[in-house]
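**Q** Hey, dropping upload33.cif in here, mmCIF, C-alpha atoms:
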data_run
loop_
_atom_site.label_atom_id
_atom_site.label_comp_id
_atom_site.auth_asym_id
_atom_site.auth_seq_id
_atom_site.Cartn_x
_atom_site.Cartn_y
_atom_site.Cartn_z
CA MET A 1 97.64 -67.10 52.08
CA GLY A 2 93.87 -67.41 52.21
CA ALA A 3 94.20 -70.99 53.42
CA TYR A 4 96.48 -69.89 56.28
CA PHE A 5 93.99 -67.17 57.21
CA ARG A 6 91.06 -69.61 57.27
CA ALA A 7 93.07 -72.18 59.23
CA GLN A 8 93.93 -69.64 61.90
CA TRP A 9 90.32 -68.52 62.21
CA TRP A 10 89.34 -72.16 62.67
CA LEU A 11 91.95 -72.46 65.41
CA LEU A 12 90.66 -69.27 67.07
CA LEU A 13 87.15 -70.67 67.15
CA ARG A 14 88.42 -73.93 68.63
CA SER A 15 90.46 -72.10 71.31
CA PRO A 16 88.33 -69.46 73.06
CA ARG A 17 91.32 -68.38 75.15
CA LEU A 18 92.76 -66.79 72.02
CA LEU A 19 89.82 -64.39 72.06
CA GLY A 20 90.89 -63.14 75.49
CA PRO A 21 91.25 -59.44 74.56
CA LEU A 22 87.50 -59.16 73.99
CA VAL A 23 87.08 -60.20 77.64
CA ILE A 24 90.11 -58.51 79.21
CA THR A 25 89.72 -55.15 77.47
CA PRO A 26 86.60 -54.11 79.42
CA LEU A 27 88.53 -54.66 82.64
CA TYR A 28 91.18 -52.14 81.57
CA SER A 29 88.64 -49.60 80.43
CA LEU A 30 86.36 -50.05 83.45
CA VAL A 31 89.24 -49.22 85.77
CA PHE A 32 90.36 -46.21 83.73
CA PHE A 33 86.86 -44.79 83.29
CA SER A 34 86.05 -45.31 86.97
CA VAL A 35 89.14 -43.36 88.01
CA LEU A 36 88.21 -40.53 85.65
CA ARG A 37 84.68 -40.37 87.03
CA GLU A 38 85.95 -40.38 90.61
CA HIS A 39 88.29 -37.46 89.91
CA HIS A 40 85.90 -35.61 87.57
CA ARG A 41 88.29 -35.79 84.60
CA ALA A 42 85.88 -36.62 81.80
CA GLY A 43 88.12 -34.71 79.38
CA LEU A 44 90.62 -37.56 79.54
CA ALA A 45 88.10 -40.20 78.45
CA THR A 46 89.52 -40.42 74.92
CA THR A 47 93.04 -40.90 76.26
CA ALA A 48 91.81 -43.62 78.63
CA ALA A 49 89.93 -45.39 75.84
CA THR A 50 92.86 -45.46 73.42
CA THR A 51 95.26 -46.49 76.18
CA ALA A 52 93.07 -49.43 77.18
CA PHE A 53 92.83 -50.54 73.57
CA LEU A 54 96.57 -50.32 72.87
CA MET A 55 97.33 -52.24 76.05
CA SER A 56 94.93 -54.90 74.89
CA MET A 57 96.48 -55.16 71.43
CA TRP A 58 99.99 -55.35 72.90
CA SER A 59 98.92 -58.10 75.30
CA GLN A 60 97.28 -60.02 72.46
CA ALA A 61 100.44 -59.75 70.37
CA VAL A 62 102.88 -60.68 73.14
CA PHE A 63 100.97 -63.40 74.97
CA VAL A 64 98.69 -64.97 72.36
CA ALA A 65 99.80 -64.34 68.76
CA SER A 66 103.44 -65.00 69.57
CA ASP A 67 102.60 -68.52 70.74
CA ALA A 68 101.97 -69.72 67.17
CA VAL A 69 105.35 -71.44 66.73
CA ASP A 70 105.30 -72.83 70.25
CA TYR A 71 101.83 -74.25 69.59
CA ASP A 72 103.13 -75.97 66.45
CA ARG A 73 106.06 -77.40 68.37
CA TRP A 74 103.79 -78.98 70.97
CA GLU A 75 101.45 -80.28 68.25
CA GLY A 76 104.40 -81.89 66.45
CA THR A 77 103.97 -79.88 63.23
CA LEU A 78 106.95 -77.55 63.62
CA GLU A 79 109.49 -80.05 62.33
CA ALA A 80 107.50 -80.55 59.13
CA GLY A 81 107.42 -76.80 58.59
CA LEU A 82 111.20 -76.61 58.84
CA PHE A 83 111.56 -78.46 55.52
CA ASN A 84 110.54 -75.18 53.88
CA PRO A 85 111.34 -72.38 56.37
CA ARG A 86 110.37 -69.57 54.00
CA ARG A 87 106.90 -70.93 53.28
CA TYR A 88 106.40 -71.77 56.95
CA ALA A 89 107.46 -68.24 57.95
CA ASP A 90 104.97 -66.80 55.46
CA ALA A 91 102.23 -68.97 56.92
CA LEU A 92 103.16 -67.90 60.44
CA ALA A 93 103.10 -64.24 59.42
CA VAL A 94 99.51 -64.60 58.23
CA ARG A 95 98.49 -66.55 61.33
CA VAL A 96 100.12 -64.09 63.72
CA LEU A 97 98.58 -61.11 61.92
CA THR A 98 95.17 -62.78 62.07
CA THR A 99 95.45 -63.51 65.79
CA THR A 100 96.68 -60.01 66.58
CA ALA A 101 93.82 -58.52 64.55
CA VAL A 102 91.33 -60.19 66.90
CA SER A 103 91.96 -57.27 69.26
CA LEU A 104 90.64 -54.69 66.76
CA PRO A 105 86.92 -55.12 67.63
CA ALA A 106 87.86 -54.28 71.21
CA PHE A 107 88.33 -50.67 70.09
CA ALA A 108 84.61 -50.31 69.34
CA GLU A 109 83.83 -52.23 72.51
CA ILE A 110 85.75 -49.74 74.65
CA LEU A 111 84.04 -46.77 73.01
CA LEU A 112 80.65 -48.31 73.77
CA ILE A 113 81.60 -48.96 77.39
CA GLY A 114 82.65 -45.33 77.76
CA ARG A 115 79.46 -43.99 76.19
CA LEU A 116 76.87 -46.41 77.58
CA GLY A 117 78.47 -47.30 80.89
CA PHE A 118 79.87 -43.94 81.95
CA GLY A 119 78.19 -41.39 79.71
CA TYR A 120 81.42 -40.13 78.15
CA PRO A 121 80.70 -38.73 74.65
CA ILE A 122 83.65 -40.45 72.99
CA THR A 123 83.46 -40.24 69.21
CA VAL A 124 85.97 -40.90 66.45
CA GLU A 125 86.59 -37.45 65.00
CA SER A 126 88.88 -38.57 62.15
CA PRO A 127 87.68 -42.01 60.97
CA PHE A 128 90.06 -42.35 58.00
CA ALA A 129 93.14 -41.39 60.01
CA THR A 130 92.02 -43.65 62.85
CA CYS A 131 91.67 -46.67 60.55
CA LEU A 132 95.08 -46.01 59.00
CA ILE A 133 96.74 -45.70 62.41
CA LEU A 134 95.06 -48.86 63.68
CA LEU A 135 96.35 -50.82 60.69
CA LEU A 136 99.88 -49.51 61.18
CA VAL A 137 99.84 -50.35 64.89
CA LEU A 138 98.51 -53.80 64.01
CA CYS A 139 101.40 -54.26 61.58
CA GLY A 140 104.01 -53.30 64.20
CA SER A 141 102.42 -55.47 66.88
CA ALA A 142 102.36 -58.49 64.58
CA GLY A 143 106.06 -57.94 63.86
CA VAL A 144 106.82 -58.04 67.59
CA SER A 145 104.85 -61.30 67.78
CA LEU A 146 106.93 -62.86 65.01
CA ALA A 147 110.19 -62.03 66.78
CA ILE A 148 108.94 -63.42 70.08
CA SER A 149 107.72 -66.57 68.32
CA GLY A 150 111.26 -67.47 67.38
CA LEU A 151 112.59 -66.74 70.86
CA LEU A 152 109.98 -68.96 72.48
CA VAL A 153 111.27 -71.92 70.50
CA VAL A 154 115.03 -71.57 70.77
CA VAL A 155 115.78 -69.58 73.94
CA ARG A 156 115.61 -71.02 77.43
CA GLY A 157 113.68 -68.74 79.76
CA ALA A 158 111.92 -66.98 76.89
CA ARG A 159 108.64 -67.22 78.82
CA THR A 160 110.17 -65.00 81.49
CA LEU A 161 111.12 -62.50 78.81
CA GLN A 162 107.61 -62.70 77.40
CA ASN A 163 106.11 -61.94 80.82
CA ALA A 164 108.44 -58.98 81.23
CA MET A 165 107.30 -57.35 78.00
CA THR A 166 104.31 -55.58 79.50
CA TYR A 167 104.86 -52.56 81.74
CA PRO A 168 108.34 -51.61 80.44
CA PHE A 169 106.88 -51.40 76.95
CA TYR A 170 103.79 -49.62 78.20
CA LEU A 171 106.24 -46.95 79.40
CA LEU A 172 108.22 -46.87 76.16
CA GLY A 173 104.97 -46.75 74.20
CA GLY A 174 103.73 -43.70 76.07
CA LEU A 175 100.74 -45.58 77.45
CA VAL A 176 101.40 -45.00 81.15
CA MET A 177 102.81 -41.48 80.87
CA PRO A 178 103.85 -39.14 78.03
CA VAL A 179 107.15 -40.04 76.43
CA GLY A 180 108.39 -36.52 77.20
CA SER A 181 108.03 -37.27 80.93
CA LEU A 182 110.45 -40.19 80.77
CA PRO A 183 114.12 -39.80 81.71
CA LEU A 184 116.16 -38.72 78.70
CA PRO A 185 117.96 -42.08 78.24
CA LEU A 186 114.53 -43.75 77.97
CA GLN A 187 113.13 -41.18 75.57
CA TRP A 188 115.58 -42.25 72.85
CA PRO A 189 114.38 -45.88 72.60
CA ALA A 190 110.79 -44.68 73.09
CA HIS A 191 111.06 -42.45 70.01
CA ALA A 192 112.41 -45.43 68.05
CA PHE A 193 109.45 -47.59 69.12
CA TYR A 194 106.45 -47.63 66.80
CA LEU A 195 103.94 -47.82 69.68
CA SER A 196 104.85 -44.39 71.07
CA TRP A 197 103.99 -42.76 67.74
CA GLY A 198 100.93 -44.97 67.41
CA ALA A 199 99.57 -43.91 70.80
CA GLN A 200 100.17 -40.24 70.09
CA SER A 201 98.58 -40.42 66.65
CA LEU A 202 95.59 -42.53 67.71
CA ARG A 203 94.68 -40.20 70.57
CA ALA A 204 94.78 -37.21 68.23
CA ALA A 205 92.74 -38.96 65.52
CA VAL A 206 90.04 -40.16 67.90
CA GLY A 207 89.91 -36.97 69.96
CA GLY A 208 90.01 -34.62 67.00
CA THR A 209 92.87 -32.57 68.44
CA GLY A 210 94.71 -32.45 65.13
CA VAL A 211 96.67 -35.39 63.79
CA ASP A 212 100.39 -34.66 63.62
CA ALA A 213 101.50 -35.63 60.11
CA ALA A 214 105.08 -36.09 61.31
CA ALA A 215 103.94 -38.55 64.00
CA VAL A 216 101.91 -40.56 61.48
CA CYS A 217 104.86 -40.60 59.07
CA ALA A 218 107.14 -41.84 61.86
CA LEU A 219 104.61 -44.57 62.62
CA ALA A 220 104.32 -45.43 58.92
CA VAL A 221 108.09 -45.96 58.78
CA LEU A 222 108.70 -47.65 62.12
CA ALA A 223 105.76 -50.09 62.19
CA PRO A 224 106.56 -51.82 58.85
CA LEU A 225 110.28 -51.64 59.63
CA GLN A 226 109.87 -53.36 62.98
CA ALA A 227 107.45 -55.85 61.45
CA GLY A 228 110.10 -56.64 58.84
CA ILE A 229 112.71 -57.10 61.55
CA GLY A 230 110.40 -59.53 63.33
CA TYR A 231 109.90 -61.50 60.12
CA VAL A 232 113.65 -61.64 59.44
CA VAL A 233 114.35 -62.77 63.01
CA LEU A 234 111.81 -65.57 62.67
CA ARG A 235 113.17 -66.65 59.28
CA ARG A 236 116.70 -66.76 60.66
CA VAL A 237 115.63 -68.81 63.67
CA LEU A 238 113.77 -71.30 61.47
CA HIS A 239 116.74 -71.71 59.11
CA ARG A 240 119.10 -72.30 62.03
CA ALA A 241 116.66 -74.79 63.53
CA ARG A 242 116.43 -76.65 60.21
CA ASP A 243 120.24 -76.80 59.95
CA GLY A 244 120.50 -78.16 63.50
CA LYS A 245 122.32 -75.07 64.80
CA VAL A 246 119.83 -74.53 67.61
CA ILE A 247 117.99 -76.93 69.88
CA LEU A 248 114.22 -76.84 69.97
CA HIS A 249 113.89 -76.47 73.72
CA GLY A 250 111.00 -78.06 75.56
#
Show this structure as structure tokens.

**A**
Amino acid sequence: MGAYFRAQWWLLLRSPRLLGPLVITPLYSLVFFSVLREHHRAGLATTAATTAFLMSMWSQAVFVASDAVDYDRWEGTLEAGLFNPRRYADALAVRVLTTTAVSLPAFAEILLIGRLGFGYPITVESPFATCLILLLVLCGSAGVSLAISGLLVVVRGARTLQNAMTYPFYLLGGLVMPVGSLPLPLQWPAHAFYLSWGAQSLRAAVGGTGVDAAAVCALAVLAPLQAGIGYVVLRRVLHRARDGKVILHG
């Protein structure tokens, strides 16, 4: 596993575009913080900071980390990996997790932008809970990446699906508005989505408003579960590709 981790870091250093969140994140936070300053709503600075970060992590997972299999296909190494789908899936899991984790430093970056650029006294009130929540959200996001990885290889038009997985999931994740404000039919899938519990828990942990143990427990169940689903989906796709049951679309 260590070799896969080192290989992916080498690839990240060779491909600066994969470090995009560290560039894009300030753009999210600058817009949010500017709106708060214009409307004199400094009390929402913590919410704006965590929202910008979670949007960045989701974008990293959906648009960058999920391209791992597609990258291998274009490099001509995917077919070799299909001789041992399980080992290849394990390697991809490490690579996807590593690429998704690149967005983590952006959290500190956003806090610094809020404090130094706008004077908002944003501090992490519950460091341990915050670290735990960040790791769980990272786990769930990596699982989404694994599932998308398989779709990018075997489904025509998967790029369109990939592009569509931004604002609808920002809504389901409670990033644009509270989940309770959504229409009832949308609240059900939102409550089954790890990101909605992650957003709620992270805001409470950073802002010191009292972490809801039930929300963290829901996140602790849903994030690994959805990561596991992503891994199973990828494994199934790779096995079907090896057996010639799907076409590796160009």

**Q** With distances taken over only C-alpha atoms, which of A:Glu79, A:Asp90, A:Asp72, A:Asp67 is nearest to Val232 (chain A)?

**A**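 So, comparing all the options, the nearest one is A:Asp90.
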
**Q** List the neighbours of Ala199 (chain A) out to 10 Å using all atoms listed in the file; skip same-chain residues closer than 4 positions along the sequence, and give me the result as a list in words.

**A**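 Using all atoms listed in the file, the neighbours found are Thr47, Thr50, Thr51, Phe53, Leu54, Ile133, Leu134, Val137, Gly173, Gly174, Leu175, Pro178, Tyr194, Leu195, Arg203, Ala204, Ala205, Ala215 and Leu219 of chain A.
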
**Q** Between CA of Glu125 (chain A) and CA of His191 (chain A), measure the distance and give it in Å to one decimal.

**A** 25.5 Å

**Q** Pick out the closest residue to Thr160 (chain A) from this set: A:Cys131, A:Ile113, A:Leu222, A:Val62. Count all atoms listed in the file.

**A** A:Val62

**Q** Go through A:Gly81, A:Pro168, A:Gly228, A:Gly210 and flag the residue nearest Ala147 (chain A), using all atoms listed in the file for the distances.

**A**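 Using all atoms listed in the file, the shortest distance to Ala147 (chain A) belongs to A:Gly228.
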
**Q** Excluding Gly207 (chain A) and its own-chain neighbours fewer than 5 positions away, which residues fall within 8 Å of it when counting all atoms listed in the file? Please give them as a PyMOL selection string.

**A** chain A and resi 46+122-125

**Q** Please produce a file of the residues just selected, as an mmCIF file, in the coordinates of the input, where the atoms kept are C-alpha atoms.

**A**
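Heads up, here's the output in part_3.cif:
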data_model
loop_
_atom_site.group_PDB
_atom_site.id
_atom_site.type_symbol
_atom_site.label_atom_id
_atom_site.label_comp_id
_atom_site.auth_asym_id
_atom_site.auth_seq_id
_atom_site.Cartn_x
_atom_site.Cartn_y
_atom_site.Cartn_z
ATOM 1 C CA THR A 46 89.520 -40.420 74.920
ATOM 2 C CA ILE A 122 83.650 -40.450 72.990
ATOM 3 C CA THR A 123 83.460 -40.240 69.210
ATOM 4 C CA VAL A 124 85.970 -40.900 66.450
ATOM 5 C CA GLU A 125 86.590 -37.450 65.000
#
